[in-house]
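Data block for target32.txt (compact mmCIF, N, CA, C and O atoms):
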# COMPACT_ATOMS: atom_id res chain seq x y z
N MET J 401 52.60 142.43 46.23
CA MET J 401 52.17 141.22 45.59
C MET J 401 51.47 140.35 46.61
O MET J 401 51.69 140.48 47.81
N PHE J 402 50.64 139.45 46.14
CA PHE J 402 49.88 138.55 46.99
C PHE J 402 50.41 137.14 46.75
O PHE J 402 50.43 136.67 45.62
N TYR J 403 50.84 136.51 47.81
CA TYR J 403 51.49 135.19 47.70
C TYR J 403 50.66 134.16 48.45
O TYR J 403 50.25 134.38 49.59
N ASP J 404 50.41 133.05 47.80
CA ASP J 404 49.71 131.93 48.42
C ASP J 404 50.76 130.90 48.85
O ASP J 404 51.33 130.21 48.01
N PRO J 405 51.06 130.80 50.17
CA PRO J 405 52.12 129.88 50.61
C PRO J 405 51.76 128.40 50.44
O PRO J 405 52.65 127.57 50.32
N LYS J 406 50.47 128.08 50.38
CA LYS J 406 50.09 126.68 50.20
C LYS J 406 50.38 126.21 48.77
O LYS J 406 50.94 125.15 48.56
N LYS J 407 50.00 127.04 47.79
CA LYS J 407 50.25 126.69 46.39
C LYS J 407 51.63 127.15 45.91
O LYS J 407 52.06 126.77 44.83
N LYS J 408 52.27 128.00 46.71
CA LYS J 408 53.59 128.56 46.40
C LYS J 408 53.60 129.30 45.07
O LYS J 408 54.46 129.08 44.22
N ILE J 409 52.61 130.20 44.91
CA ILE J 409 52.53 131.02 43.70
C ILE J 409 52.18 132.45 44.07
O ILE J 409 51.62 132.72 45.13
N ILE J 410 52.55 133.37 43.19
CA ILE J 410 52.12 134.76 43.31
C ILE J 410 50.75 134.86 42.66
O ILE J 410 50.58 134.56 41.48
N VAL J 411 49.76 135.26 43.43
CA VAL J 411 48.39 135.30 42.96
C VAL J 411 48.12 136.54 42.12
O VAL J 411 47.52 136.46 41.05
N ASP J 412 48.59 137.70 42.58
CA ASP J 412 48.35 138.96 41.89
C ASP J 412 49.33 139.98 42.42
O ASP J 412 50.04 139.73 43.39
N PHE J 413 49.37 141.15 41.79
CA PHE J 413 50.21 142.23 42.27
C PHE J 413 49.55 143.55 41.94
O PHE J 413 48.67 143.64 41.10
N GLY J 414 49.96 144.61 42.64
CA GLY J 414 49.39 145.93 42.43
C GLY J 414 50.40 147.00 42.80
O GLY J 414 51.57 146.72 43.01
N SER J 415 49.91 148.25 42.91
CA SER J 415 50.80 149.36 43.25
C SER J 415 49.98 150.47 43.90
O SER J 415 48.75 150.41 43.93
N SER J 416 50.67 151.48 44.39
CA SER J 416 50.01 152.66 44.94
C SER J 416 49.43 153.47 43.79
O SER J 416 49.95 153.45 42.67
N LYS J 417 48.34 154.20 44.07
CA LYS J 417 47.68 154.96 43.02
C LYS J 417 47.40 156.39 43.49
O LYS J 417 46.82 156.58 44.55
N PRO J 418 47.80 157.40 42.72
CA PRO J 418 47.43 158.77 43.07
C PRO J 418 45.96 159.00 42.74
O PRO J 418 45.42 158.42 41.79
N CYS J 419 45.30 159.84 43.52
CA CYS J 419 43.86 160.05 43.34
C CYS J 419 43.53 161.34 42.58
O CYS J 419 42.48 161.42 41.96
N GLY J 420 44.35 162.36 42.65
CA GLY J 420 44.03 163.60 41.96
C GLY J 420 43.38 164.63 42.85
O GLY J 420 43.20 164.43 44.05
N ASN J 421 42.97 165.74 42.27
CA ASN J 421 42.42 166.86 43.03
C ASN J 421 40.99 166.66 43.51
O ASN J 421 40.61 167.15 44.55
N ASN J 422 40.18 165.96 42.77
CA ASN J 422 38.75 165.84 43.09
C ASN J 422 38.45 164.64 43.96
O ASN J 422 37.40 164.03 43.84
N HIS J 423 39.32 164.30 44.82
CA HIS J 423 39.13 163.14 45.69
C HIS J 423 39.41 163.56 47.12
O HIS J 423 40.14 164.52 47.37
N ASN J 424 38.86 162.83 48.09
CA ASN J 424 39.04 163.23 49.49
C ASN J 424 40.38 162.80 50.08
O ASN J 424 40.70 163.15 51.18
N ARG J 425 41.17 162.01 49.35
CA ARG J 425 42.52 161.68 49.80
C ARG J 425 43.48 161.81 48.63
O ARG J 425 43.08 161.83 47.48
N TYR J 426 44.78 161.88 48.95
CA TYR J 426 45.78 162.12 47.92
C TYR J 426 46.15 160.86 47.15
O TYR J 426 46.43 160.91 45.97
N SER J 427 46.20 159.74 47.85
CA SER J 427 46.60 158.50 47.19
C SER J 427 46.01 157.31 47.93
O SER J 427 45.60 157.42 49.07
N ILE J 428 45.99 156.19 47.24
CA ILE J 428 45.61 154.92 47.84
C ILE J 428 46.88 154.10 47.95
O ILE J 428 47.51 153.79 46.94
N HIS J 429 47.29 153.79 49.15
CA HIS J 429 48.54 153.06 49.36
C HIS J 429 48.39 151.62 48.92
O HIS J 429 47.28 151.07 48.85
N ALA J 430 49.50 150.99 48.61
CA ALA J 430 49.50 149.60 48.16
C ALA J 430 48.92 148.68 49.22
O ALA J 430 48.23 147.71 48.90
N GLU J 431 49.17 148.99 50.48
CA GLU J 431 48.64 148.17 51.57
C GLU J 431 47.12 148.22 51.60
O GLU J 431 46.46 147.21 51.82
N GLN J 432 46.56 149.41 51.36
CA GLN J 432 45.11 149.56 51.38
C GLN J 432 44.46 148.76 50.26
O GLN J 432 43.47 148.06 50.49
N SER J 433 45.01 148.84 49.07
CA SER J 433 44.44 148.08 47.96
C SER J 433 44.67 146.58 48.14
O SER J 433 43.83 145.77 47.74
N ALA J 434 45.79 146.20 48.76
CA ALA J 434 46.06 144.78 49.00
C ALA J 434 45.09 144.19 50.01
O ALA J 434 44.59 143.07 49.82
N ILE J 435 44.80 144.92 51.07
CA ILE J 435 43.85 144.45 52.08
C ILE J 435 42.46 144.33 51.46
O ILE J 435 41.75 143.36 51.68
N GLN J 436 42.08 145.30 50.64
CA GLN J 436 40.79 145.25 49.96
C GLN J 436 40.71 144.03 49.04
O GLN J 436 39.69 143.33 49.00
N TYR J 437 41.79 143.74 48.32
CA TYR J 437 41.82 142.58 47.44
C TYR J 437 41.67 141.29 48.24
O TYR J 437 40.90 140.40 47.87
N CYS J 438 42.39 141.19 49.35
CA CYS J 438 42.33 139.97 50.16
C CYS J 438 40.97 139.78 50.81
O CYS J 438 40.49 138.65 50.96
N LEU J 439 40.31 140.87 51.19
CA LEU J 439 38.99 140.75 51.80
C LEU J 439 37.96 140.22 50.80
O LEU J 439 37.02 139.52 51.20
N THR J 440 38.13 140.52 49.52
CA THR J 440 37.16 140.06 48.53
C THR J 440 37.54 138.73 47.88
O THR J 440 36.66 137.96 47.49
N HIS J 441 38.85 138.42 47.75
CA HIS J 441 39.27 137.23 47.02
C HIS J 441 39.85 136.11 47.88
O HIS J 441 39.97 134.98 47.40
N ASP J 442 40.23 136.37 49.10
CA ASP J 442 40.90 135.38 49.94
C ASP J 442 39.99 134.99 51.10
O ASP J 442 40.16 135.43 52.22
N LYS J 443 39.03 134.12 50.83
CA LYS J 443 38.07 133.74 51.85
C LYS J 443 38.67 132.86 52.95
O LYS J 443 38.22 132.85 54.07
N ARG J 444 39.73 132.12 52.64
CA ARG J 444 40.37 131.24 53.63
C ARG J 444 41.47 131.94 54.41
O ARG J 444 42.10 131.33 55.26
N GLN J 445 41.75 133.18 54.10
CA GLN J 445 42.74 134.01 54.79
C GLN J 445 44.11 133.34 54.83
O GLN J 445 44.73 133.22 55.88
N ARG J 446 44.61 132.96 53.67
CA ARG J 446 45.92 132.33 53.63
C ARG J 446 46.94 133.12 52.81
O ARG J 446 48.11 132.76 52.79
N TYR J 447 46.52 134.18 52.11
CA TYR J 447 47.46 134.96 51.31
C TYR J 447 48.37 135.79 52.20
O TYR J 447 47.95 136.28 53.25
N HIS J 448 49.60 135.97 51.78
CA HIS J 448 50.54 136.87 52.43
C HIS J 448 50.73 138.07 51.50
O HIS J 448 50.75 137.92 50.28
N ILE J 449 50.88 139.26 52.07
CA ILE J 449 51.07 140.48 51.30
C ILE J 449 52.51 140.92 51.46
O ILE J 449 53.00 141.05 52.57
N PHE J 450 53.18 141.14 50.34
CA PHE J 450 54.57 141.62 50.36
C PHE J 450 54.60 143.02 49.77
O PHE J 450 54.16 143.24 48.64
N ILE J 451 55.13 143.97 50.54
CA ILE J 451 55.26 145.36 50.14
C ILE J 451 56.73 145.64 49.89
O ILE J 451 57.58 145.32 50.72
N SER J 452 57.03 146.26 48.77
CA SER J 452 58.42 146.57 48.45
C SER J 452 58.49 147.86 47.64
O SER J 452 57.53 148.23 46.96
N ARG J 453 59.59 148.51 47.74
CA ARG J 453 59.89 149.69 46.92
C ARG J 453 61.18 149.43 46.18
O ARG J 453 61.95 148.55 46.53
N PHE J 454 61.41 150.23 45.17
CA PHE J 454 62.63 150.08 44.38
C PHE J 454 63.35 151.42 44.31
O PHE J 454 62.72 152.47 44.22
N THR J 455 64.68 151.37 44.34
CA THR J 455 65.47 152.58 44.15
C THR J 455 65.54 152.88 42.65
O THR J 455 65.07 152.10 41.82
N ARG J 456 66.14 153.99 42.31
CA ARG J 456 66.27 154.33 40.90
C ARG J 456 67.17 153.35 40.16
O ARG J 456 67.06 153.19 38.95
N CYS J 457 68.06 152.71 40.89
CA CYS J 457 68.96 151.71 40.29
C CYS J 457 68.28 150.35 40.12
O CYS J 457 68.84 149.46 39.50
N GLY J 458 67.08 150.18 40.68
CA GLY J 458 66.36 148.92 40.56
C GLY J 458 66.56 147.96 41.71
O GLY J 458 66.14 146.81 41.63
N HIS J 459 67.17 148.42 42.81
CA HIS J 459 67.39 147.57 43.98
C HIS J 459 66.18 147.67 44.91
O HIS J 459 65.49 148.69 44.96
N HIS J 460 65.96 146.61 45.69
CA HIS J 460 64.88 146.63 46.68
C HIS J 460 65.19 147.62 47.79
O HIS J 460 66.33 147.80 48.18
N LYS J 461 64.13 148.22 48.31
CA LYS J 461 64.23 149.15 49.42
C LYS J 461 63.15 148.76 50.44
O LYS J 461 62.03 148.45 50.05
N THR J 462 63.50 148.75 51.70
CA THR J 462 62.55 148.37 52.74
C THR J 462 61.39 149.35 52.79
O THR J 462 61.59 150.56 52.78
N ALA J 463 60.17 148.83 52.85
CA ALA J 463 58.97 149.67 52.89
C ALA J 463 58.11 149.24 54.06
O ALA J 463 57.55 148.15 54.06
N HIS J 464 58.03 150.09 55.07
CA HIS J 464 57.18 149.81 56.22
C HIS J 464 55.85 150.52 56.06
O HIS J 464 55.75 151.54 55.37
N CYS J 465 54.82 150.00 56.70
CA CYS J 465 53.49 150.59 56.62
C CYS J 465 53.46 151.91 57.38
O CYS J 465 54.09 152.05 58.43
N CYS J 466 52.70 152.88 56.86
CA CYS J 466 52.53 154.16 57.56
C CYS J 466 51.51 153.97 58.69
O CYS J 466 50.98 152.88 58.90
N HIS J 467 51.23 155.04 59.40
CA HIS J 467 50.33 154.98 60.56
C HIS J 467 48.92 154.53 60.16
O HIS J 467 48.34 153.65 60.80
N SER J 468 48.36 155.11 59.11
CA SER J 468 46.99 154.77 58.72
C SER J 468 46.90 153.34 58.18
O SER J 468 45.93 152.64 58.43
N CYS J 469 47.91 152.90 57.44
CA CYS J 469 47.91 151.52 56.92
C CYS J 469 48.08 150.52 58.06
O CYS J 469 47.50 149.43 58.02
N SER J 470 48.86 150.87 59.07
CA SER J 470 49.02 150.00 60.23
C SER J 470 47.70 149.85 60.99
O SER J 470 47.34 148.75 61.42
N GLN J 471 46.97 150.96 61.13
CA GLN J 471 45.67 150.91 61.80
C GLN J 471 44.68 150.05 61.01
O GLN J 471 43.92 149.28 61.57
N LEU J 472 44.71 150.19 59.68
CA LEU J 472 43.83 149.41 58.82
C LEU J 472 44.16 147.92 58.91
O LEU J 472 43.27 147.07 58.99
N ALA J 473 45.44 147.58 58.95
CA ALA J 473 45.86 146.19 59.06
C ALA J 473 45.44 145.60 60.40
O ALA J 473 45.01 144.44 60.48
N LYS J 474 45.56 146.37 61.46
CA LYS J 474 45.14 145.89 62.78
C LYS J 474 43.63 145.72 62.85
O LYS J 474 43.13 144.79 63.48
N LYS J 475 42.89 146.60 62.18
CA LYS J 475 41.44 146.52 62.18
C LYS J 475 40.95 145.22 61.54
O LYS J 475 40.02 144.59 62.03
N TYR J 476 41.59 144.81 60.46
CA TYR J 476 41.17 143.60 59.74
C TYR J 476 42.06 142.39 60.03
O TYR J 476 42.02 141.41 59.30
N ASN J 477 42.85 142.44 61.10
CA ASN J 477 43.70 141.32 61.55
C ASN J 477 44.69 140.86 60.48
O ASN J 477 44.84 139.67 60.21
N PHE J 478 45.41 141.81 59.88
CA PHE J 478 46.43 141.51 58.90
C PHE J 478 47.83 141.75 59.44
O PHE J 478 48.77 141.82 58.66
N GLU J 479 48.01 141.89 60.75
CA GLU J 479 49.32 142.22 61.31
C GLU J 479 50.38 141.18 60.97
O GLU J 479 51.53 141.51 60.74
N ASN J 480 50.01 139.92 60.95
CA ASN J 480 50.96 138.84 60.70
C ASN J 480 50.98 138.38 59.26
O ASN J 480 51.55 137.34 58.94
N ARG J 481 50.36 139.15 58.36
CA ARG J 481 50.28 138.74 56.96
C ARG J 481 50.88 139.76 56.00
O ARG J 481 50.86 139.55 54.79
N ILE J 482 51.41 140.88 56.49
CA ILE J 482 52.01 141.90 55.64
C ILE J 482 53.51 141.93 55.91
O ILE J 482 53.94 142.13 57.05
N PHE J 483 54.30 141.75 54.85
CA PHE J 483 55.75 141.65 54.98
C PHE J 483 56.46 142.56 54.00
O PHE J 483 55.86 143.04 53.03
N THR J 484 57.74 142.79 54.24
CA THR J 484 58.60 143.54 53.34
C THR J 484 59.96 142.84 53.32
O THR J 484 60.17 141.85 54.02
N PHE J 485 60.87 143.37 52.53
CA PHE J 485 62.21 142.81 52.42
C PHE J 485 63.23 143.80 52.96
O PHE J 485 63.11 145.00 52.70
N ASN J 486 64.25 143.31 53.67
CA ASN J 486 65.31 144.20 54.13
C ASN J 486 66.40 144.27 53.06
O ASN J 486 66.22 143.75 51.95
N ASP J 487 67.54 144.89 53.37
CA ASP J 487 68.60 145.08 52.39
C ASP J 487 69.22 143.76 51.93
O ASP J 487 69.75 143.66 50.81
N GLN J 488 69.17 142.73 52.77
CA GLN J 488 69.72 141.42 52.41
C GLN J 488 68.65 140.52 51.78
O GLN J 488 68.85 139.32 51.63
N LEU J 489 67.48 141.11 51.43
CA LEU J 489 66.34 140.42 50.83
C LEU J 489 65.76 139.34 51.73
O LEU J 489 65.23 138.33 51.27
N GLU J 490 65.85 139.55 53.05
CA GLU J 490 65.20 138.66 54.00
C GLU J 490 63.80 139.19 54.27
O GLU J 490 63.56 140.40 54.26
N ILE J 491 62.87 138.30 54.53
CA ILE J 491 61.48 138.69 54.78
C ILE J 491 61.34 139.14 56.23
O ILE J 491 61.71 138.40 57.15
N ILE J 492 60.81 140.37 56.42
CA ILE J 492 60.59 140.93 57.75
C ILE J 492 59.17 141.50 57.80
O ILE J 492 58.59 141.81 56.75
N PRO J 493 58.59 141.65 58.99
CA PRO J 493 57.24 142.26 59.08
C PRO J 493 57.26 143.72 58.62
O PRO J 493 58.20 144.46 58.89
N ALA J 494 56.21 144.13 57.93
CA ALA J 494 56.12 145.50 57.43
C ALA J 494 55.49 146.44 58.45
O ALA J 494 55.63 147.65 58.35
N ILE J 495 54.81 145.89 59.44
CA ILE J 495 54.17 146.72 60.47
C ILE J 495 55.15 146.86 61.62
O ILE J 495 55.61 145.87 62.19
N ILE J 496 55.47 148.11 61.96
CA ILE J 496 56.44 148.39 63.01
C ILE J 496 55.77 149.18 64.13
O ILE J 496 54.67 149.70 63.96
N ASP J 497 56.45 149.27 65.27
CA ASP J 497 55.97 150.10 66.37
C ASP J 497 56.25 151.56 66.03
O ASP J 497 57.29 151.89 65.47
N ASN J 498 55.34 152.43 66.36
CA ASN J 498 55.45 153.88 66.13
C ASN J 498 55.76 154.21 64.67
O ASN J 498 56.78 154.81 64.35
N PRO J 499 54.87 153.84 63.73
CA PRO J 499 55.13 154.17 62.33
C PRO J 499 54.96 155.66 62.08
O PRO J 499 54.25 156.37 62.81
N GLY J 500 55.60 156.15 61.05
CA GLY J 500 55.50 157.55 60.69
C GLY J 500 54.24 157.86 59.90
O GLY J 500 53.58 156.97 59.38
N VAL J 501 53.93 159.13 59.83
CA VAL J 501 52.79 159.59 59.05
C VAL J 501 53.24 159.70 57.59
O VAL J 501 54.37 160.08 57.31
N SER J 502 52.36 159.37 56.65
CA SER J 502 52.74 159.40 55.24
C SER J 502 52.98 160.83 54.78
O SER J 502 52.50 161.80 55.37
N LEU J 503 53.72 160.98 53.70
CA LEU J 503 54.10 162.28 53.18
C LEU J 503 52.89 163.11 52.77
O LEU J 503 52.85 164.31 53.00
N ALA J 504 51.87 162.48 52.18
CA ALA J 504 50.68 163.21 51.75
C ALA J 504 49.96 163.86 52.93
O ALA J 504 49.49 165.00 52.84
N TYR J 505 49.86 163.15 54.06
CA TYR J 505 49.21 163.71 55.23
C TYR J 505 50.06 164.81 55.86
O TYR J 505 49.53 165.77 56.42
N LYS J 506 51.38 164.69 55.77
CA LYS J 506 52.25 165.76 56.27
C LYS J 506 52.03 167.03 55.47
O LYS J 506 52.00 168.12 56.02
N ILE J 507 51.91 166.89 54.16
CA ILE J 507 51.68 168.06 53.31
C ILE J 507 50.29 168.65 53.58
O ILE J 507 50.12 169.86 53.67
N LYS J 508 49.29 167.79 53.69
CA LYS J 508 47.91 168.23 53.89
C LYS J 508 47.74 169.02 55.18
O LYS J 508 47.07 170.03 55.22
N TYR J 509 48.37 168.55 56.24
CA TYR J 509 48.20 169.19 57.55
C TYR J 509 49.39 170.05 57.96
O TYR J 509 49.51 170.41 59.12
N ASN J 510 50.30 170.33 57.03
CA ASN J 510 51.48 171.19 57.26
C ASN J 510 52.29 170.73 58.47
O ASN J 510 52.66 171.51 59.34
N ILE J 511 52.60 169.45 58.51
CA ILE J 511 53.38 168.89 59.61
C ILE J 511 54.86 168.99 59.34
O ILE J 511 55.67 168.94 60.24
N ILE J 512 55.24 169.18 58.11
CA ILE J 512 56.67 169.21 57.74
C ILE J 512 57.41 170.32 58.44
O ILE J 512 57.03 171.38 58.64
Render the structure in this file as structure tokens.
Amino acid sequence: MFYDPKKKIIVDFGSSKPCGNNHNRYSIHAEQSAIQYCLTHDKRQRYHIFISRFTRCGHHKTAHCCHSCSQLAKKYNFENRIFTFNDQLEIIPAIIDNPGVSLAYKIKYNII
């Protein structure tokens, strides 16, 4: 979701999207679509991006950015604007040191 801290409202929300067989990548991560949205709609650079996952029971699960999403965030200076929630629902940074490779890339390059 995209949060405007000045107006204290949720501006928009999105999700990850699978691409299918006829595409050069397997999926578009939520971080990638969020950064694209902010680049086109947030000219003052004040939106915060919150990434979250849910368990089957409906509880929040911590979601950190993968390696490629971390590189994309650093490229467009979003390191301090992407957040996630921990188990106690506290806001923590979603970009971590030494992030893992996403599952789709592990399958594609037989890293598993």
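Atom to atom, atom O of His459 in chain J and atom C of Met401 in chain J stand 16.4 Å apart.
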Original post:
Running DSSP on the backbone, which parts of range 436-497 of chain J land in strand (DSSP E or B), as a ChimeraX atom specification?
Top reply: /J:448-451,453-454,460-461,482-485,491-493
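Atom O of Glu431 in chain J is found 12.8 Å from CA of Ala463 in chain J.
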Subject >> Shell around Lys406 in chain J at 8 Å using all atoms listed in the file, local window under 2 positions removed, as a VMD selection string >> reply: chain J and resid 403 to 404 408 to 409 446 to 447
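With only N, CA, C and O atoms as the basis for measurement, J:Lys461 is the residue among J:His441, J:Lys461, J:His429, J:His467 that approaches Thr484 in chain J most closely.
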Original post:
Near Gly414 in chain J, within 7 Å and counting all atoms listed in the file, which residues show up once chain neighbours fewer than 2 positions away are dropped, as a ChimeraX atom specification?
Top reply: /J:401-402,412,416,430
**OP:** Please indicate the distance in Å from CA of Ile495 in chain J to atom N of Leu439 in chain J, rounded to one decimal place.
**Re:**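 Straight-line distance from CA of Ile495 in chain J to atom N of Leu439 in chain J works out to 17.7 Å.
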